[in-house]
$ cat work_4.cif   # mmCIF, C-alpha atoms
data_protein
#
loop_
_atom_site.label_atom_id
_atom_site.label_comp_id
_atom_site.auth_asym_id
_atom_site.auth_seq_id
_atom_site.Cartn_x
_atom_site.Cartn_y
_atom_site.Cartn_z
CA MET A 14 -107.60 68.50 16.03
CA GLN A 15 -107.69 72.10 17.21
CA LEU A 16 -107.07 73.75 20.58
CA SER A 17 -108.86 76.85 21.73
CA VAL A 18 -107.07 79.37 23.86
CA TRP A 19 -109.11 81.95 25.63
CA GLY A 20 -107.77 85.16 27.02
CA ARG A 21 -108.61 88.76 27.52
CA TRP A 22 -107.20 91.61 25.63
CA PRO A 23 -106.47 94.90 27.34
CA ARG A 24 -108.06 98.09 26.25
CA LEU A 25 -106.29 99.41 23.22
CA GLY A 26 -106.59 102.73 21.54
CA LYS A 27 -106.63 101.29 18.04
CA ALA A 28 -107.34 98.04 16.32
CA ARG A 29 -104.61 95.66 15.19
CA PRO A 30 -104.77 94.41 11.62
CA GLY A 31 -106.89 91.28 11.36
CA ILE A 32 -108.30 91.53 14.87
CA ARG A 33 -111.48 93.34 15.71
CA LEU A 34 -111.33 95.21 18.99
CA ASP A 35 -113.93 97.29 20.71
CA TRP A 36 -113.45 99.59 23.60
CA GLY A 37 -113.60 97.46 26.64
CA GLU A 38 -112.47 93.95 27.34
CA GLU A 39 -113.56 91.22 24.98
CA ALA A 40 -113.00 87.51 24.98
CA LEU A 41 -110.96 86.35 21.96
CA ALA A 42 -110.78 82.75 20.74
CA VAL A 43 -107.52 81.67 19.06
CA GLU A 44 -107.47 78.31 17.29
CA ILE A 45 -104.02 76.60 17.11
CA PRO A 46 -103.45 73.42 15.01
CA ALA A 47 -102.34 70.54 17.23
CA MET A 48 -98.97 68.80 16.63
CA ILE A 49 -99.07 65.20 15.27
CA PRO A 50 -97.90 62.88 18.09
CA GLU A 51 -94.60 61.03 17.50
CA ALA A 52 -96.33 57.79 18.36
CA ALA A 53 -98.44 58.18 15.23
CA ILE A 54 -95.34 58.52 12.96
CA PHE A 55 -92.94 55.78 14.11
CA PRO A 56 -95.16 52.66 14.02
CA PRO A 57 -95.46 52.73 10.17
CA ILE A 58 -91.67 53.21 9.85
CA PHE A 59 -90.99 50.29 12.18
CA ALA A 60 -93.46 48.13 10.25
CA VAL A 61 -91.73 48.86 6.94
CA ALA A 62 -88.28 48.20 8.46
CA ASN A 63 -89.43 44.90 9.96
CA ALA A 64 -90.90 43.84 6.62
CA LEU A 65 -87.63 44.63 4.82
CA ILE A 66 -85.56 42.74 7.39
CA SER A 67 -87.85 39.71 7.22
CA ALA A 68 -87.74 39.70 3.42
CA THR A 69 -83.93 39.96 3.44
CA VAL A 70 -83.51 37.10 5.91
CA SER A 71 -85.91 34.91 3.91
CA TRP A 72 -84.02 35.67 0.69
CA VAL A 73 -80.63 34.84 2.23
CA ILE A 74 -81.95 31.56 3.62
CA SER A 75 -83.48 30.66 0.26
CA ARG A 76 -80.13 31.34 -1.49
CA LEU A 77 -78.26 29.11 0.98
CA VAL A 78 -80.82 26.32 0.54
CA LEU A 79 -80.55 26.71 -3.25
CA ARG A 80 -76.76 26.31 -3.07
CA GLU A 81 -77.00 23.12 -1.05
CA ASN A 82 -79.72 21.67 -3.26
CA THR A 83 -77.81 22.55 -6.43
CA ALA A 84 -74.65 20.83 -5.19
CA ARG A 85 -76.60 17.71 -4.25
CA GLU A 86 -78.41 17.65 -7.58
CA LEU A 87 -75.14 17.96 -9.50
CA LEU A 88 -73.60 15.18 -7.42
CA SER A 89 -76.61 12.95 -8.09
CA GLU A 90 -76.36 13.73 -11.80
CA ALA A 91 -72.65 12.89 -11.81
CA LEU A 92 -73.25 9.53 -10.18
CA ALA A 93 -76.12 8.80 -12.57
CA VAL A 94 -74.07 9.68 -15.67
CA GLN A 95 -71.15 7.52 -14.57
CA ALA A 96 -73.48 4.60 -13.88
CA ARG A 97 -75.04 4.57 -17.36
CA GLU A 98 -73.98 1.65 -19.53
CA GLU A 99 -73.13 3.89 -22.46
CA ALA A 100 -69.55 2.73 -23.11
CA TRP A 101 -67.67 -0.31 -24.34
CA ILE A 102 -64.28 -1.87 -23.81
CA VAL A 103 -62.56 -4.23 -26.27
CA GLU A 104 -62.53 -7.77 -24.89
CA GLY A 105 -60.00 -10.30 -26.06
CA TYR A 106 -57.34 -7.63 -25.79
CA ASP A 107 -53.98 -8.92 -24.60
CA GLU A 108 -51.68 -6.43 -22.87
CA SER A 109 -48.70 -8.39 -24.14
CA ASP A 110 -49.80 -7.53 -27.67
CA PRO A 111 -50.81 -3.86 -27.63
CA SER A 112 -51.02 -3.63 -31.40
CA ILE A 113 -54.83 -3.64 -31.56
CA LYS A 114 -56.42 -0.40 -32.63
CA VAL A 115 -60.16 0.15 -32.52
CA SER A 116 -59.99 2.16 -35.75
CA ASP A 117 -58.65 -0.92 -37.54
CA ASN A 118 -61.57 -3.06 -36.39
CA ARG A 119 -64.72 -1.33 -37.58
CA LYS A 120 -66.89 -4.44 -37.39
CA LEU A 121 -66.60 -5.07 -33.68
CA GLU A 122 -69.83 -6.34 -32.11
CA GLU A 123 -71.17 -6.65 -28.59
CA GLU A 124 -71.17 -10.44 -28.63
CA PRO A 125 -68.13 -12.70 -29.22
CA ARG A 126 -69.64 -14.14 -32.38
CA SER A 127 -66.59 -14.19 -34.54
CA GLY A 128 -63.05 -13.02 -34.42
CA LYS A 129 -60.75 -12.55 -31.50
CA PHE A 130 -62.02 -9.17 -30.33
CA TRP A 131 -65.49 -8.10 -29.28
CA LEU A 132 -67.14 -5.30 -27.29
CA ARG A 133 -68.37 -5.54 -23.72
CA ARG A 134 -70.83 -2.87 -22.66
CA VAL A 135 -69.73 -1.17 -19.44
CA GLU A 136 -70.60 1.83 -17.31
CA VAL A 137 -69.21 5.21 -18.34
CA ARG A 138 -67.02 5.28 -15.23
CA ALA A 139 -65.18 2.21 -16.54
CA VAL A 140 -63.62 4.22 -19.39
CA LEU A 141 -62.73 7.14 -17.12
CA ASP A 142 -59.74 5.26 -15.79
CA GLU A 143 -56.11 6.31 -15.74
CA ALA A 144 -55.09 5.34 -19.27
CA GLU A 145 -54.84 8.08 -21.88
CA TRP A 146 -57.77 8.91 -24.15
CA ASN A 147 -56.72 9.03 -27.81
CA SER A 148 -58.63 8.98 -31.07
CA PRO A 149 -57.27 9.26 -34.61
CA SER A 150 -60.35 10.95 -36.02
CA GLU A 151 -63.17 13.32 -35.15
CA GLU A 152 -65.54 11.04 -37.04
CA PRO A 153 -67.68 8.54 -35.13
CA PHE A 154 -66.67 4.91 -35.01
CA GLY A 155 -70.06 3.85 -36.33
CA PHE A 156 -72.99 2.07 -34.71
CA VAL A 157 -72.81 -0.52 -31.99
CA GLY A 158 -76.25 -2.03 -31.94
CA THR A 159 -78.60 0.97 -32.06
CA ARG A 160 -76.12 3.43 -30.55
CA ARG A 161 -73.69 5.68 -32.35
CA ALA A 162 -70.25 5.16 -30.85
CA TRP A 163 -67.15 7.32 -30.60
CA ILE A 164 -63.60 6.15 -30.02
CA VAL A 165 -62.18 7.51 -26.78
CA ARG A 166 -59.17 5.17 -26.50
CA ASN A 167 -58.09 3.87 -29.85
CA GLU A 168 -55.14 2.02 -28.33
CA VAL A 169 -53.53 1.57 -24.97
CA ARG A 170 -50.20 3.33 -25.06
CA GLY A 171 -47.67 4.78 -22.70
CA GLN A 172 -47.69 4.42 -18.97
CA PRO A 173 -51.08 5.10 -17.39
CA ARG A 174 -51.36 7.59 -14.59
CA PRO A 175 -51.12 6.20 -11.06
CA GLY A 176 -54.43 4.77 -9.90
CA PRO A 177 -56.31 1.69 -8.75
CA THR A 178 -56.98 0.28 -12.25
CA LYS A 179 -54.59 -2.55 -13.08
CA LYS A 180 -55.68 -3.42 -16.61
CA HIS A 181 -56.71 -0.96 -19.30
CA TYR A 182 -58.60 -1.51 -22.52
CA PRO A 183 -59.25 0.27 -25.80
CA ALA A 184 -62.65 1.89 -25.36
CA LEU A 185 -65.62 3.64 -26.97
CA ILE A 186 -68.48 5.78 -25.67
CA SER A 187 -71.96 6.31 -27.06
CA SER A 188 -73.28 9.66 -28.21
CA ARG A 189 -75.61 9.74 -25.22
CA GLY A 190 -72.80 9.06 -22.77
CA LYS A 191 -70.65 11.75 -24.33
CA GLU A 192 -73.47 14.30 -24.40
CA GLU A 193 -74.39 13.66 -20.77
CA LEU A 194 -70.80 14.10 -19.62
CA CYS A 195 -70.54 17.36 -21.57
CA GLY A 196 -73.92 18.54 -20.29
CA TRP A 197 -72.89 17.91 -16.69
CA ILE A 198 -69.68 19.89 -17.15
CA GLU A 199 -71.65 22.78 -18.66
CA ARG A 200 -74.06 22.82 -15.71
CA VAL A 201 -71.25 22.85 -13.15
CA ARG A 202 -69.47 25.65 -14.99
CA SER A 203 -72.66 27.69 -15.22
CA ALA A 204 -73.49 27.16 -11.53
CA ASN A 205 -69.95 28.14 -10.55
CA THR A 206 -70.04 31.47 -12.41
CA LYS A 207 -69.00 34.20 -10.00
CA PRO A 208 -71.45 37.13 -9.97
CA LEU A 209 -70.77 40.59 -8.60
CA PHE A 210 -72.27 39.72 -5.21
CA LEU A 211 -71.24 36.45 -3.55
CA LEU A 212 -74.76 35.68 -2.33
CA PHE A 213 -75.86 35.39 -5.95
CA ARG A 214 -73.50 32.42 -6.50
CA THR A 215 -75.34 29.17 -7.07
CA LEU A 216 -72.41 27.12 -5.76
CA SER A 217 -69.94 27.97 -3.04
CA ASP A 218 -66.37 26.71 -2.78
CA LYS A 219 -67.44 24.35 -0.01
CA ASP A 220 -70.30 22.95 -2.09
CA LEU A 221 -67.91 22.23 -4.96
CA ASP A 222 -65.75 19.97 -2.77
CA MET A 223 -68.08 17.03 -3.37
CA LEU A 224 -67.84 17.54 -7.15
CA ARG A 225 -64.07 17.92 -7.42
CA PRO A 226 -63.10 14.23 -7.86
CA LEU A 227 -65.08 13.72 -11.09
CA LEU A 228 -64.59 17.28 -12.33
CA LEU A 229 -60.81 17.12 -12.04
CA GLN A 230 -60.79 13.70 -13.65
CA LEU A 231 -62.69 15.09 -16.64
CA ALA A 232 -60.33 18.07 -16.72
CA ARG A 233 -57.46 15.94 -18.04
CA GLU A 234 -56.14 17.40 -21.26
CA ASP A 235 -56.68 14.23 -23.30
CA ILE A 236 -60.29 13.89 -22.16
CA VAL A 237 -61.08 17.57 -22.70
CA ARG A 238 -59.67 17.38 -26.22
CA ILE A 239 -61.96 14.50 -27.21
CA LEU A 240 -65.08 15.78 -25.42
CA ALA A 241 -64.69 19.20 -27.04
CA ARG A 242 -64.74 17.77 -30.57
CA ASN A 243 -67.80 18.41 -32.74
CA ASP A 244 -68.89 21.25 -30.43
CA GLY A 245 -69.29 18.89 -27.50
CA LEU A 246 -68.13 21.58 -25.05
CA THR A 247 -68.40 25.35 -25.21
CA SER A 248 -65.19 27.38 -25.18
CA GLU A 249 -66.13 28.67 -21.71
CA SER A 250 -66.27 25.14 -20.32
CA VAL A 251 -62.98 24.20 -22.00
CA ARG A 252 -61.31 27.18 -20.27
CA PHE A 253 -63.03 26.21 -17.03
CA LEU A 254 -61.52 22.71 -17.18
CA GLU A 255 -58.13 23.92 -18.38
CA GLY A 256 -58.01 26.28 -15.42
CA ALA A 257 -58.67 23.36 -13.09
CA VAL A 258 -55.66 21.47 -14.48
CA ALA A 259 -53.42 24.55 -14.45
CA SER A 260 -54.09 25.29 -10.79
CA GLY A 261 -53.69 21.68 -9.72
CA VAL A 262 -56.51 21.81 -7.20
CA GLY A 263 -59.17 23.55 -9.22
CA ILE A 264 -59.98 27.10 -10.22
CA TRP A 265 -62.25 27.88 -7.37
#
$ encode --input "work_4.cif" --output "structure tokens"
Amino acid sequence: MQLSVWGRWPRLGKARPGIRLDWGEEALAVEIPAMIPEAAIFPPIFAVANALISATVSWVISRLVLRENTARELLSEALAVQAREEAWIVEGYDESDPSIKVSDNRKLEEEPRSGKFWLRRVEVRAVLDEAEWNSPSEEPFGFVGTRRAWIVRNEVRGQPRPGPTKKHYPALISSRGKEELCGWIERVRSANTKPLFLLFRTLSDKDLDMLRPLLLQLAREDIVRILARNDGLTSESVRFLEGAVASGVGIW
């Protein structure tokens, strides 16, 4: 856009550089570039700012939804793992005669076909009771049916921790049950990793509240020791669980 300004020049005795003057008055056209209106500059800036704000809000909301969904998924996984019938207790065990050791009875079967002792298949949560986990060897017990089994409580010894369970049994767990417990711990530890910015955390302290009961139960030293055997847990997850025990209420 250009503006034209018209005026008259007075009579001058000589010409100015770049301007042609004759004797007498002469109309002179001067073209001046027009300024760009402010209204033409700010709308694009506002549009970009609005787009950035909208994208930021959407990202924050998506992170919060991800946190909640992750906590719920981990809780569902924990309940599912505990409900799997991937463990056994020794039936026929008499608390008045605590001399039985699983390691001394390698031919235990799931049905009471012969002998005094036999194995009853139970949910994983049934062997996560208050009695101490102990195993004399890092080798597997053998096969129970089609499942490879590991001794988690070779014998009932000492006073169990306070809890609702009244009777405790020697116990085993299958490879699948052990792997799923370890896998769940690894996922919780990974989700709880603290990044540089808090919004990048997959789990918040509040979200972890629903996972604490099982996580702290698995953080017992005797359970960690047996789960960590044969590379069942990474060193990072072992430290994660040890920190939970050391702090008493968790490391979060």
$ resolve_selection --input "work_4.cif" --expression "the PyMOL selection byres ((chain A and resi 167) around 9)" --output "JSON, numbers by chain"
{"A": [113, 114, 115, 116, 146, 147, 148, 149, 164, 165, 166, 168, 169, 183, 184, 185]}
$ closest_residue --input "work_4.cif" --among "A:Gln172, A:Thr159, A:Ser187, A:Gln95" --to "Leu227 (chain A)" --atoms "all atoms listed in the file"
A:Gln95
$ atom_distance --input "work_4.cif" --atom1 "CA of Lys129 (chain A)" --atom2 "CA of Phe154 (chain A)"
18.8 Å
$ resolve_selection --input "work_4.cif" --expression "the PyMOL selection byres ((chain A and resi 241-252) around 9)" --output "count of residues only"
21
$ atom_distance --input "work_4.cif" --atom1 "CA of Val201 (chain A)" --atom2 "CA of Trp163 (chain A)"
23.7 Å
$ atom_distance --input "work_4.cif" --atom1 "CA of Asn82 (chain A)" --atom2 "CA of Asp218 (chain A)"
14.3 Å
$ resolve_selection --input "work_4.cif" --expression "the PyMOL selection byres ((chain A and resi 143) around 8)" --output "MDAnalysis selection string"
chainID A and resid 141:142 144:145 173:176 178
$ closest_residue --input "work_4.cif" --among "A:Val61, A:Leu132, A:Ala162, A:Leu231" --to "Glu104 (chain A)" --atoms "only C-alpha atoms"
A:Leu132
$ closest_residue --input "work_4.cif" --among "A:Glu81, A:Ala100, A:Glu90, A:Val70" --to "Arg189 (chain A)" --atoms "all atoms listed in the file"
A:Ala100
